[in-house]
Amino acid sequence: MAGEVAACWQSGDLLDMAESETTNAADFWRPALARSFADKGCFGPVLTAWVLAAGFLIISVYFRTDFSSPVWGPDDAMRLVEIRDLLAGQGWFDLSQSRLDPAQAVVMHWSRIIDLPLALMMTGFGFVFDAITAERIVLLIWPLALLFALIWVSARLAIRIGGKKSLWAGVILPVLALGTLGEFLPGRIDHHGAQIVLTLWLLLLILDAQKDLRSAILAGLTAVLIMAIGLEPMPFVAAAVCALGMRWAIDGHTHGRGLIGFGGAIALSAPVLFALTAPDARFLATACDAFSPAHLLALTAGGAGYILLGLFSSKLGGRAIRTVTLFATAGAVLGLIGFAYPECLTDPYGHLDPALKTLWLQHVIEAQSAASLLSRAPEQLLQYYLMPAAGLAVCVWAAIRARGPERADWIVLSLFVALGLALALYQVRGAKFAYVLAAPAGAWAIATLYERYRSAMGSYRLRYLAGFMAACFLFSAVFHQGAAARLGTVIGSERAMKKAARNGVNPTRACQSSAALAPLNGFAPGLILAPRNLGAHLLLETHHSVLAANYHRNQRGLLLALDILNTDQAIARRRAKANKVRYLLHCPGLIDSRSDGKIAADALVTKLDGDDVPFWLEPVPLNAESPLKLYRLR
């Protein structure tokens with residue numbers, strides 16, 4: 001092996017890696033895309049878009065009258081609970097939630113990576129402000145800082161794909177995608193915002209990784225960081241691996257050092273990050289829903305494979321041999337994972353109880369597929385899929401027309417957009433990624449059509465104007481959302497009818513608010529049976545425990561809560577007592593329904609909605625303004 005490596009060095013494959021490209025080490029870690037941050041022509045539009053978007057989000061949150069909570073959604077509430085536990089002394093590697101179904105003490109599948117900067121900032125501000133004020137400051141700063149990063153990376157991608165003419169469209173389109181912008185609201189501290197930014201950053205790095213060793217190394221580190229935070233963007237990591245490998249196979253051994261840098265960064269950083277973040281509960285155990293030994297094996301084996309391919313590039317002959325070798329390496333890694341951890345190559349929800357798939361997962365909006373939307377809310381197809389589909393069409397068209405390195409860039413972008421669209425078709429949560437991945441293609445199309453409109457003469461000028469306006473509509477997702485809402489009202493879809501029936505009142509928001517939940521702290525701690533959508537907020541706002549919250553690892557608690565609320569009173573009482581439930585919290589209008597959306601007439605939740613309180617539930621007075629109803633089990 002040493003002789004072969006020496007031969008590769010002599011042949012020149014590694015020589016470029018050993019040569020000093022800059023005069024000092026600091027410059028080495030400043031690839032062209034990083035140096036571009038100082039580009040004043042880019043910074044102005046980025047800052048302008050960020051100020052406008054941040055102002056809109058701040059107004060949207062802090063001027064609401066129907067919702068008072070330090071965080072926005074259940075995942076944000078659970079993240080803040082984790083951080084408070086960490087700051088209160090819970091171990092770094094202990095991700096158990098002792099107050100979530102206490103009989104089980106659910107171990108969360110999240111990573112501490114997001115907890116760390118938030119906890120450090122809260123500690124720092126805590127030296128100047130009280131703990132609550134420090135929390136509020138961080139809850140404002142963190143998502144808006146990520147928003148700035150999103151707009152900047154999107155701007156760099158737009159310039160990388162379409163040149164300076166695409167800059168303004170590149171900073172505007174992401175903030176018009178409200179489905180993505182919502183992940184950066186003040187109070188949004190779950191991991192999705194960071195994942196979106198890192199995925200865009202990975203795409204930008206991969207476009208330069210073939211020619212820039214520094215970008216290749218940073219891409220490898222970013223890929224591992226994405227995986228360690230959460231597995232939702234894992235397909236984009238696979239896309240980066242595939243894109244880099246195929247460009248090496250097609251373009252030749254001159255790109256071998258990119259493979260070595262990328263693979264080496266992955267193979268070396270994955271074990272380190274795993275050791276620093278993997279909780280005790282899954283350090284050696286198989287877990288397919290979080291960064292675990294299965295993913296560590298895939299990353300280290302794949303990284304090592306790329307190192308070898310890069311080292312022996314000159315020995316692998318022509319394009320056909322390199323392609324076969326690349327596929328053989330990929331097959332070997334997949335075979336290794338299939339042998340060691342076959343369960344991780346199957347349906348990610350395969351472990352979920354079938355009853356939960358029907359009673360719970362089908363009702364989680366972000367987990368619904370395009371097929372489910374087609375039957376329940378067909379107008380939402382316009383909102384979630386029009387921009388990604390248009391982006392993919394532009395990418396394919398541009399790739400066909402382009403030549404050389406420009407074509408390769410469009411093909412890589414096409415791969416990422418296609419994966420984003422596929423994820424959105426599988427679960428609509430993928431649209432959050434698909435919107436911003438399609439934005440560079442949209443920026444190029446808008447800028448190109450506008451440029452041609454300005455230079456065209458006669459009837460062509462009108463045609464380009466029409467094309468420009470069409471492109472602006474196709475890539476401005478905010479218009480799609482408005483059009484979908486109007487269309488839903490016209491066709492009378494199931495979701496539109498439910499929204500109209502609420503008449504602008506959102507029972508979930510009202511019942512999750514701090515004002516509604518705070519009075520519960522006046523009662524002795526106990527286990528609360530409540531609708532699952534209130535679980536995380538109850539943990540955040542009160543000292544009580546809860547039976548159920550919206551997390552797939554809380555299977556026992558979810559099944560029990562659904563069963564008790566949807567069964568007749570006698571069975572409900574027996575099961576609640578058996579599981580040591582002390583309180584029942586009811587939010588009128590917010591129900592955990594059966595799979596057909598209907599509730600049995602004798603179900604406990606039906607009785608409570610009709611104020612028909614069974615004898616074994618003792619009403620506990622709350623303040624008159626509270627939308628909640630609290631009962632103590634007799």
# chains A, B, ... in the order shown; residues from 1 in each chain; ligands from 1
>>> residues_around(residues="A:Ala134", least_positions_apart="4", cutoff="9 Å", atoms="only C-alpha atoms", output="PDB file with C-alpha atoms, in the first residue's frame")
ATOM      1  CA  MET A 121     -25.677  32.270  24.560  1.00  0.00           C
ATOM      2  CA  MET A 122     -28.248  31.972  27.356  1.00  0.00           C
ATOM      3  CA  THR A 123     -25.435  31.543  29.859  1.00  0.00           C
ATOM      4  CA  GLY A 124     -23.599  34.544  28.470  1.00  0.00           C
ATOM      5  CA  PHE A 125     -26.625  36.845  28.489  1.00  0.00           C
ATOM      6  CA  GLY A 126     -27.445  35.482  31.945  1.00  0.00           C
ATOM      7  CA  PHE A 127     -24.466  37.391  33.346  1.00  0.00           C
ATOM      8  CA  VAL A 128     -26.204  40.632  32.365  1.00  0.00           C
ATOM      9  CA  PHE A 129     -29.926  39.804  32.448  1.00  0.00           C
ATOM     10  CA  ASP A 130     -32.194  37.523  34.434  1.00  0.00           C
ATOM     11  CA  VAL A 138     -31.565  34.200  22.425  1.00  0.00           C
ATOM     12  CA  LEU A 139     -34.954  33.134  21.081  1.00  0.00           C
TER      13      LEU A 139
END
>>> residues_around(residues="A:Ala155", least_positions_apart="4", cutoff="7 Å", atoms="only C-alpha atoms", output="number ranges by chain")
A: 151, 159, 167, 170-171
>>> select_by_dssp(residues="stretch 73-227 of chain A", states="strand (DSSP E or B)", output="MDAnalysis selection string")
chainID A and resid 96:97 100 106:107
>>> residues_around(residues="A:Asp563", least_positions_apart="3", cutoff="10 Å", atoms="only C-alpha atoms", output="PDB file with C-alpha atoms, in the first residue's frame")
ATOM      1  CA  LEU A 359     -54.525   7.428  14.395  1.00  0.00           C
ATOM      2  CA  GLY A 557     -47.846   7.480  25.692  1.00  0.00           C
ATOM      3  CA  LEU A 558     -49.409   8.394  22.346  1.00  0.00           C
ATOM      4  CA  LEU A 559     -51.301   5.112  22.125  1.00  0.00           C
ATOM      5  CA  LEU A 560     -52.552   5.413  25.707  1.00  0.00           C
ATOM      6  CA  ASN A 566     -61.481   7.961  22.306  1.00  0.00           C
ATOM      7  CA  THR A 567     -62.988   5.161  24.370  1.00  0.00           C
ATOM      8  CA  ASP A 568     -66.092   5.062  26.566  1.00  0.00           C
ATOM      9  CA  ILE A 571     -62.736   2.020  30.122  1.00  0.00           C
ATOM     10  CA  ALA A 572     -61.166   5.485  30.030  1.00  0.00           C
ATOM     11  CA  ARG A 575     -56.911   2.932  32.034  1.00  0.00           C
ATOM     12  CA  ALA A 576     -56.228   6.422  33.339  1.00  0.00           C
ATOM     13  CA  ASP A 592     -57.424  13.613  19.004  1.00  0.00           C
ATOM     14  CA  ARG A 594     -59.976   8.520  15.079  1.00  0.00           C
ATOM     15  CA  ALA A 603     -66.093   8.717  23.707  1.00  0.00           C
ATOM     16  CA  LEU A 604     -64.658  10.661  26.628  1.00  0.00           C
TER      17      LEU A 604
END
>>> residues_around(residues="A:Ser369", least_positions_apart="3", cutoff="8 Å", atoms="only C-alpha atoms", output="list in words")
Ser372, Leu373, Ala424, Leu425, Tyr426, Gln427 and Val428 of chain A
>>> residues_around(residues="A:Met469", least_positions_apart="6", cutoff="12 Å", atoms="only C-alpha atoms", output="number ranges by chain")
A: 442, 445-447, 449-450, 453, 462-463, 475-476
>>> atom_distance(atom1="atom CA of A:Glu618", atom2="atom CA of A:Tyr583")
9.2 Å
>>> select_by_dssp(residues="stretch 314-372 of chain A", states="helix (DSSP H, G or I)", output="JSON, numbers by chain")
{"A": [314, 315, 319, 320, 321, 322, 323, 324, 325, 326, 327, 328, 329, 330, 331, 332, 333, 334, 335, 336, 337, 338, 339, 340, 342, 343, 344, 345, 354, 355, 356, 357, 358, 359, 361, 362, 363, 365, 366, 367, 370, 371, 372]}
